[in-house]
$ cat structure_38.cif   # mmCIF, C-alpha atoms
data_target
#
loop_
_atom_site.label_atom_id
_atom_site.label_comp_id
_atom_site.auth_asym_id
_atom_site.auth_seq_id
_atom_site.Cartn_x
_atom_site.Cartn_y
_atom_site.Cartn_z
CA HIS A 1 -15.24 -7.48 -5.46
CA LEU A 2 -18.20 -5.35 -6.57
CA GLY A 3 -19.18 -3.62 -3.33
CA ALA A 4 -22.07 -2.75 -3.14
CA HIS A 5 -21.63 0.88 -2.18
CA LYS A 6 -21.70 1.70 1.53
CA THR A 7 -21.17 -1.91 2.65
CA ALA A 8 -17.68 -1.52 4.22
CA SER A 9 -16.03 -1.72 0.79
CA THR A 10 -13.58 1.05 1.72
CA HIS A 11 -12.50 -0.83 4.85
CA LEU A 12 -11.89 -4.04 2.92
CA GLN A 13 -10.02 -2.16 0.19
CA TYR A 14 -7.81 -0.34 2.68
CA SER A 15 -7.04 -3.62 4.44
CA LEU A 16 -5.93 -5.24 1.20
CA ARG A 17 -3.99 -2.15 0.12
CA LEU A 18 -1.97 -2.28 3.34
CA ALA A 19 -1.01 -5.86 2.47
CA GLN A 20 -0.38 -5.22 -1.23
CA PRO A 21 3.38 -6.00 -1.18
CA ALA A 22 2.71 -9.34 0.54
CA LEU A 23 -0.10 -10.09 -1.92
CA MET A 24 2.18 -9.48 -4.89
CA ARG A 25 4.88 -11.70 -3.40
CA GLY A 26 2.22 -14.37 -2.88
CA GLY A 27 1.09 -14.31 -6.50
CA VAL A 28 -1.92 -11.96 -6.24
CA PHE A 29 -2.31 -8.84 -8.37
CA TYR A 30 -4.60 -6.49 -6.45
CA ALA A 31 -6.13 -3.21 -7.65
CA ASP A 32 -8.80 -1.03 -6.06
CA PRO A 33 -10.10 2.54 -6.57
CA ALA A 34 -6.66 3.97 -5.80
CA GLN A 35 -5.54 2.48 -9.14
CA LEU A 36 -8.79 1.87 -11.02
CA ARG A 37 -9.88 5.51 -11.01
CA HIS A 38 -6.56 6.88 -12.23
CA PRO A 39 -4.85 7.09 -15.66
CA GLY A 40 -2.57 4.08 -15.22
CA LEU A 41 -5.48 1.62 -15.03
CA PRO A 42 -8.61 3.68 -15.87
CA LEU A 43 -11.30 1.02 -15.42
CA THR A 44 -13.91 3.47 -14.13
CA ASP A 45 -13.44 5.76 -17.14
CA ALA A 46 -13.50 2.77 -19.48
CA LEU A 47 -16.85 1.57 -18.12
CA ALA A 48 -18.35 5.06 -18.06
CA THR A 49 -17.36 6.11 -21.58
CA GLY A 50 -16.61 2.95 -23.59
CA ARG A 51 -13.84 4.88 -25.33
CA ARG A 52 -10.79 3.08 -26.72
CA GLU A 53 -8.41 5.53 -25.07
CA TYR A 54 -9.49 4.02 -21.75
CA LEU A 55 -10.43 0.47 -22.78
CA ASP A 56 -7.11 -0.35 -24.44
CA PRO A 57 -4.80 0.56 -21.51
CA VAL A 58 -7.03 -1.38 -19.09
CA ALA A 59 -7.01 -4.50 -21.28
CA LYS A 60 -3.25 -4.26 -21.77
CA ARG A 61 -2.51 -3.77 -18.07
CA LEU A 62 -4.78 -6.61 -16.96
CA ALA A 63 -3.39 -8.96 -19.63
CA HIS A 64 0.07 -8.22 -18.27
CA ALA A 65 -1.15 -8.88 -14.71
CA ARG A 66 -2.70 -12.22 -15.68
CA ALA A 67 0.52 -13.25 -17.40
CA LEU A 68 2.53 -12.58 -14.24
CA TYR A 69 0.19 -13.49 -11.38
CA PRO A 70 -1.85 -16.64 -10.76
CA GLU A 71 -4.63 -14.57 -9.15
CA VAL A 72 -6.08 -11.18 -10.08
CA VAL A 73 -8.31 -9.38 -7.55
CA LEU A 74 -10.15 -6.21 -8.57
CA SER A 75 -12.15 -4.28 -5.97
CA GLU A 76 -14.26 -1.37 -7.25
CA GLU A 77 -17.85 -0.65 -6.24
CA ASN A 78 -18.37 1.58 -9.28
CA ILE A 79 -18.21 -1.53 -11.48
CA LEU A 80 -21.86 -1.98 -10.45
CA GLY A 81 -22.76 1.57 -11.45
CA GLY A 82 -23.22 4.86 -9.64
CA THR A 83 -25.28 6.02 -6.67
CA ARG A 84 -26.90 9.05 -8.26
CA SER A 85 -30.67 9.01 -7.88
CA SER A 86 -31.22 8.45 -11.61
CA ARG A 87 -28.73 5.58 -11.81
CA ILE A 88 -29.07 3.52 -8.64
CA CYS A 89 -32.47 2.10 -9.57
CA GLY A 90 -33.89 1.83 -13.09
CA ARG A 91 -37.43 2.21 -14.39
CA ASN A 92 -37.84 -1.55 -14.18
CA GLY A 93 -37.16 -1.41 -10.44
CA PHE A 94 -33.75 -3.09 -10.76
CA VAL A 95 -31.08 -1.86 -8.41
CA TYR A 96 -27.92 -1.00 -10.37
CA PRO A 97 -29.71 -1.35 -13.73
CA THR A 98 -26.48 -1.20 -15.78
CA ALA A 99 -24.59 -3.70 -13.60
CA VAL A 100 -24.75 -6.64 -16.02
CA ALA A 101 -23.29 -4.68 -18.93
CA ARG A 102 -20.58 -3.16 -16.74
CA VAL A 103 -19.56 -6.45 -15.11
CA ARG A 104 -19.58 -8.19 -18.48
CA ARG A 105 -17.30 -5.49 -19.91
CA THR A 106 -14.95 -5.77 -16.91
CA ILE A 107 -14.63 -9.52 -17.39
CA GLU A 108 -13.88 -9.02 -21.07
CA LEU A 109 -11.22 -6.41 -20.29
CA ALA A 110 -9.65 -8.80 -17.78
CA GLY A 111 -9.35 -11.54 -20.42
CA GLY A 112 -12.42 -13.61 -19.60
CA GLY A 113 -13.45 -16.03 -16.87
CA PRO A 114 -13.84 -18.03 -14.83
CA VAL A 115 -14.55 -15.26 -12.35
CA THR A 116 -15.88 -15.26 -8.80
CA LEU A 117 -17.90 -12.17 -7.93
CA PHE A 118 -18.04 -10.89 -4.35
CA LEU A 119 -21.03 -8.78 -3.33
CA SER A 120 -22.19 -7.37 -0.01
CA VAL A 121 -25.85 -6.38 0.43
CA ARG A 122 -27.49 -4.18 3.04
CA ASP A 123 -30.85 -3.43 4.63
CA PRO A 124 -32.63 -1.38 1.92
CA ALA A 125 -33.60 1.63 4.04
CA HIS A 126 -30.11 2.00 5.45
CA PHE A 127 -28.59 1.42 2.01
CA TYR A 128 -30.61 4.23 0.44
CA VAL A 129 -29.78 6.61 3.29
CA SER A 130 -26.07 5.84 3.05
CA ALA A 131 -26.05 6.13 -0.75
CA PHE A 132 -27.79 9.50 -0.39
CA ALA A 133 -25.19 10.61 2.17
CA LEU A 134 -22.47 9.69 -0.31
CA GLN A 135 -24.07 11.82 -3.01
CA MET A 136 -24.60 14.60 -0.49
CA SER A 137 -20.87 14.56 0.31
CA HIS A 138 -20.19 14.94 -3.44
CA GLY A 139 -22.34 18.06 -3.54
CA ALA A 140 -24.99 16.38 -5.69
CA GLU A 141 -27.94 16.11 -3.27
CA VAL A 142 -29.59 18.15 -0.51
CA GLU A 143 -32.87 16.53 0.54
CA PHE A 144 -33.37 12.79 1.03
CA GLY A 145 -36.96 12.85 -0.22
CA ALA A 146 -35.91 14.24 -3.58
CA TYR A 147 -33.14 11.63 -3.85
CA LEU A 148 -35.54 8.78 -3.10
CA ALA A 149 -37.76 9.91 -6.02
CA ASP A 150 -40.90 8.01 -4.97
CA ARG A 151 -39.05 4.69 -4.59
CA ASP A 152 -40.04 2.43 -1.72
CA PRO A 153 -37.13 2.77 0.74
CA ALA A 154 -37.90 -0.66 2.19
CA GLN A 155 -37.55 -2.53 -1.11
CA ILE A 156 -34.44 -3.43 -3.10
CA GLY A 157 -34.21 -6.44 -5.38
CA TRP A 158 -30.90 -7.85 -4.18
CA THR A 159 -32.00 -11.36 -5.20
CA GLY A 160 -32.73 -10.13 -8.70
CA LEU A 161 -29.32 -8.48 -8.90
CA VAL A 162 -27.56 -11.70 -7.87
CA ARG A 163 -29.60 -13.67 -10.40
CA ARG A 164 -28.64 -11.23 -13.17
CA LEU A 165 -24.95 -11.32 -12.20
CA SER A 166 -24.96 -15.12 -12.04
CA GLY A 167 -26.10 -15.31 -15.66
CA ILE A 168 -23.14 -13.36 -17.06
CA PRO A 169 -20.84 -15.53 -19.22
CA GLY A 170 -17.63 -16.33 -17.40
CA VAL A 171 -19.08 -15.97 -13.89
CA ALA A 172 -18.37 -19.19 -12.01
CA ARG A 173 -20.09 -18.18 -8.76
CA VAL A 174 -21.27 -15.21 -6.71
CA VAL A 175 -20.32 -14.93 -3.04
CA VAL A 176 -22.85 -12.82 -1.14
CA TRP A 177 -22.92 -11.63 2.47
CA ARG A 178 -24.81 -9.12 4.57
CA TYR A 179 -23.03 -5.89 5.41
CA GLU A 180 -24.40 -6.23 8.93
CA ASP A 181 -22.37 -9.47 9.32
CA TYR A 182 -19.15 -8.12 7.81
CA ALA A 183 -17.11 -7.96 11.01
CA ALA A 184 -17.98 -11.52 12.01
CA LEU A 185 -17.56 -12.96 8.51
CA ARG A 186 -14.44 -11.04 7.52
CA PRO A 187 -11.94 -13.88 8.13
CA ARG A 188 -14.04 -16.27 6.05
CA LEU A 189 -14.51 -13.68 3.29
CA LEU A 190 -10.77 -13.09 3.05
CA ALA A 191 -10.20 -16.85 2.87
CA ARG A 192 -12.58 -16.99 -0.13
CA LEU A 193 -11.09 -13.92 -1.79
CA LEU A 194 -7.42 -14.82 -1.34
CA PRO A 195 -5.19 -17.89 -1.03
CA PRO A 196 -5.59 -19.05 2.61
CA ALA A 197 -1.96 -18.47 3.52
CA LEU A 198 -2.29 -14.81 2.55
CA ALA A 199 -5.75 -14.23 4.02
CA ALA A 200 -4.54 -14.76 7.57
CA GLY A 201 -2.06 -11.89 7.29
CA ILE A 202 -4.45 -9.14 6.16
CA PRO A 203 -4.54 -6.31 8.75
CA ASP A 204 -7.82 -5.09 10.25
CA PRO A 205 -7.59 -1.28 10.53
CA PRO A 206 -10.25 0.80 12.32
CA PRO A 207 -13.26 1.96 10.28
CA ALA A 208 -12.35 4.75 7.87
CA ASN A 209 -15.56 6.59 6.99
CA GLU A 210 -17.93 8.51 9.25
CA SER A 211 -21.18 9.72 7.73
CA VAL A 212 -23.20 12.80 8.64
CA THR A 213 -25.33 12.48 11.79
CA GLN A 214 -29.04 13.32 11.90
CA ALA A 215 -28.32 16.62 13.64
CA GLY A 216 -25.65 17.40 11.05
CA TYR A 217 -28.03 16.54 8.20
CA GLU A 218 -30.76 18.82 9.54
CA TRP A 219 -28.24 21.65 9.97
CA PHE A 220 -26.91 21.01 6.44
CA VAL A 221 -30.37 21.13 4.83
CA ARG A 222 -31.34 24.37 6.55
CA ARG A 223 -28.22 26.14 5.34
CA ALA A 224 -28.22 24.61 1.87
CA LEU A 225 -31.81 25.68 1.22
CA ASN A 226 -31.14 29.20 2.50
CA ASP A 227 -28.05 29.78 0.35
CA SER A 228 -28.15 28.51 -3.22
CA ASP A 229 -24.56 29.61 -3.87
CA ILE A 230 -22.92 27.73 -1.01
CA ASP A 231 -20.37 24.98 -1.69
CA LEU A 232 -22.30 21.86 -0.67
CA ARG A 233 -19.18 19.71 -0.26
CA LEU A 234 -17.71 22.21 2.17
CA LEU A 235 -21.03 22.42 3.99
CA VAL A 236 -21.12 18.63 4.46
CA ARG A 237 -17.63 18.67 5.97
CA ARG A 238 -18.70 21.43 8.34
CA ALA A 239 -21.79 19.41 9.31
CA ARG A 240 -19.62 16.37 10.12
CA ASN A 241 -17.27 18.45 12.24
CA ARG A 242 -20.03 20.37 14.02
CA PHE A 243 -22.17 17.33 14.94
CA PRO A 244 -19.85 14.29 15.25
CA ARG A 245 -20.75 10.84 16.51
CA ALA A 246 -18.10 11.23 19.20
CA GLU A 247 -20.21 13.88 20.91
CA GLY A 248 -23.27 11.66 21.10
CA HIS A 249 -25.06 12.64 17.90
CA GLY A 250 -26.97 9.74 16.39
CA PRO A 251 -26.76 8.47 12.78
CA MET A 252 -28.80 10.03 10.00
CA ARG A 253 -32.38 8.70 10.15
CA PRO A 254 -34.56 10.62 7.69
CA LEU A 255 -37.20 7.85 7.61
CA ASP A 256 -39.84 7.05 10.20
CA ALA A 257 -39.54 4.09 12.57
CA ALA A 258 -42.27 2.12 10.80
CA THR A 259 -40.40 2.28 7.48
CA TYR A 260 -37.17 1.08 9.06
CA ALA A 261 -39.06 -1.82 10.68
CA ARG A 262 -40.76 -2.75 7.39
CA SER A 263 -37.40 -2.63 5.60
CA ALA A 264 -35.82 -4.92 8.19
CA ARG A 265 -38.65 -7.46 7.78
CA LYS A 266 -38.38 -7.46 3.97
CA TYR A 267 -34.61 -7.69 4.14
#
$ encode --input "structure_38.cif" --output "structure tokens"
Amino acid sequence: HLGAHKTASTHLQYSLRLAQPALMRGGVFYADPAQLRHPGLPLTDALATGRREYLDPVAKRLAHARALYPEVVLSEENILGGTRSSRICGRNGFVYPTAVARVRRTIELAGGGPVTLFLSVRDPAHFYVSAFALQMSHGAEVEFGAYLADRDPAQIGWTGLVRRLSGIPGVARVVVWRYEDYAALRPRLLARLLPPALAAGIPDPPPANESVTQAGYEWFVRRALNDSDIDLRLLVRRARNRFPRAEGHGPMRPLDAATYARSARKY
């Protein structure tokens, strides 16, 4: 399960993590960022650095998992790449320009195919805004315009990404759905991702992440630009707490209505 970023990946991962004991009993080895970003199974570090000190433990752990379990499910949106402005879209216009190399390496580390890839896509304008909000929460970005870097916020080549992923050796198929349909499709997605008997027992917890609202974003930018020494991560948390959705503040919308409409049509 590749994500993409900001397409309810965290919700799906948390759901599966809650059911992890049942999955293991049912013959499914499951790992998500809670394991894949830590020393015991450092897939993220392996993909980022290519160093043997990370590659070897990942290959060994996944070989052990494949020897013990009929099914191996890995869920990590950073397999596709990162969401920094310089990495999310390459000079050739490809979204996640390093995705093919990273997915290919992951398949190799897992012992080869056949592999089914699961990918959620999202309306481009909303995807860019949410990816920016993620980087903002990491203290890496302040203004949306600078993050966008002259890209067209209504255009993302999701079809091109799927075509590139489909051509990777060992990939048997790619299952794609719209983030906007996630709630309705979730039972069917789980039935594709897991053995049917296990899919029915996966819990459905409430949504986990709440992004900054438009009022919070405007407040954040004013203070960030007026104080170059401020801790941006702390400032984002304060913006969330000061202007929450629960008090009627609307979602972040740094683009004009015409751009959102054009993005929806292209999507």
$ resolve_selection --input "structure_38.cif" --expression "the PyMOL selection byres ((chain A and resi 248-251) around 6)" --output "list in words"
Thr213, Gln214, Arg245, Ala246, Glu247 and Met252 of chain A
$ closest_residue --input "structure_38.cif" --among "A:Pro244, A:Pro207, A:Gly3, A:Gly216" --to "Leu80 of chain A" --atoms "all atoms listed in the file"
A:Gly3
$ resolve_selection --input "structure_38.cif" --expression "the PyMOL selection byres ((chain A and resi 138) around 12)" --output "list in words"
Thr83, Arg84, Ala131, Phe132, Ala133, Leu134, Gln135, Met136, Ser137, Gly139, Ala140, Glu141, Val142, Asp231, Leu232, Arg233, Leu234, Leu235, Val236 and Arg237 of chain A
$ residues_near_point --input "structure_38.cif" --point "(-18.6, 14.6, 8.2)" --cutoff "7 Å" --atoms "all atoms listed in the file" --output "short mmCIF file (atom, residue, chain, number, x, y, z; two decimals) with C-alpha atoms, keeping the file's coordinate frame"
data_model
loop_
_atom_site.label_atom_id
_atom_site.label_comp_id
_atom_site.auth_asym_id
_atom_site.auth_seq_id
_atom_site.Cartn_x
_atom_site.Cartn_y
_atom_site.Cartn_z
CA GLU A 210 -17.93 8.51 9.25
CA SER A 211 -21.18 9.72 7.73
CA VAL A 212 -23.20 12.80 8.64
CA VAL A 236 -21.12 18.63 4.46
CA ARG A 237 -17.63 18.67 5.97
CA ARG A 238 -18.70 21.43 8.34
CA ALA A 239 -21.79 19.41 9.31
CA ARG A 240 -19.62 16.37 10.12
CA ASN A 241 -17.27 18.45 12.24
#
$ atom_distance --input "structure_38.cif" --atom1 "atom CA of Leu189 of chain A" --atom2 "atom CA of Cys89 of chain A"
27.1 Å
$ atom_distance --input "structure_38.cif" --atom1 "atom CA of Gly93 of chain A" --atom2 "atom CA of Arg151 of chain A"
8.7 Å
$ resolve_selection --input "structure_38.cif" --expression "the PyMOL selection byres ((chain A and resi 260) around 12)" --output "number ranges by chain"
A: 123-129, 152-155, 253-259, 261-267
$ residues_near_point --input "structure_38.cif" --point "(-17.5, 5.0, -20.7)" --cutoff "12 Å" --atoms "all atoms listed in the file" --output "number ranges by chain"
A: 42-55, 78-79, 81, 98, 101-102, 105-106
$ write_last_selection --input "structure_38.cif" --atoms "C-alpha atoms" --output "short mmCIF file (atom, residue, chain, number, x, y, z; two decimals), keeping the file's coordinate frame"
data_model
loop_
_atom_site.label_atom_id
_atom_site.label_comp_id
_atom_site.auth_asym_id
_atom_site.auth_seq_id
_atom_site.Cartn_x
_atom_site.Cartn_y
_atom_site.Cartn_z
CA PRO A 42 -8.61 3.68 -15.87
CA LEU A 43 -11.30 1.02 -15.42
CA THR A 44 -13.91 3.47 -14.13
CA ASP A 45 -13.44 5.76 -17.14
CA ALA A 46 -13.50 2.77 -19.48
CA LEU A 47 -16.85 1.57 -18.12
CA ALA A 48 -18.35 5.06 -18.06
CA THR A 49 -17.36 6.11 -21.58
CA GLY A 50 -16.61 2.95 -23.59
CA ARG A 51 -13.84 4.88 -25.33
CA ARG A 52 -10.79 3.08 -26.72
CA GLU A 53 -8.41 5.53 -25.07
CA TYR A 54 -9.49 4.02 -21.75
CA LEU A 55 -10.43 0.47 -22.78
CA ASN A 78 -18.37 1.58 -9.28
CA ILE A 79 -18.21 -1.53 -11.48
CA GLY A 81 -22.76 1.57 -11.45
CA THR A 98 -26.48 -1.20 -15.78
CA ALA A 101 -23.29 -4.68 -18.93
CA ARG A 102 -20.58 -3.16 -16.74
CA ARG A 105 -17.30 -5.49 -19.91
CA THR A 106 -14.95 -5.77 -16.91
#
$ residues_around --input "structure_38.cif" --residues "Leu198 of chain A" --least-positions-apart "6" --cutoff "9 Å" --atoms "all atoms listed in the file" --output "number ranges by chain"
A: 22-23, 26, 190-191
$ closest_residue --input "structure_38.cif" --among "A:Ser130, A:Ser75, A:Ser120, A:Thr7" --to "Ala34 of chain A" --atoms "only C-alpha atoms"
A:Ser75
$ atom_distance --input "structure_38.cif" --atom1 "atom CA of Ala110 of chain A" --atom2 "atom CA of Ala59 of chain A"
6.1 Å
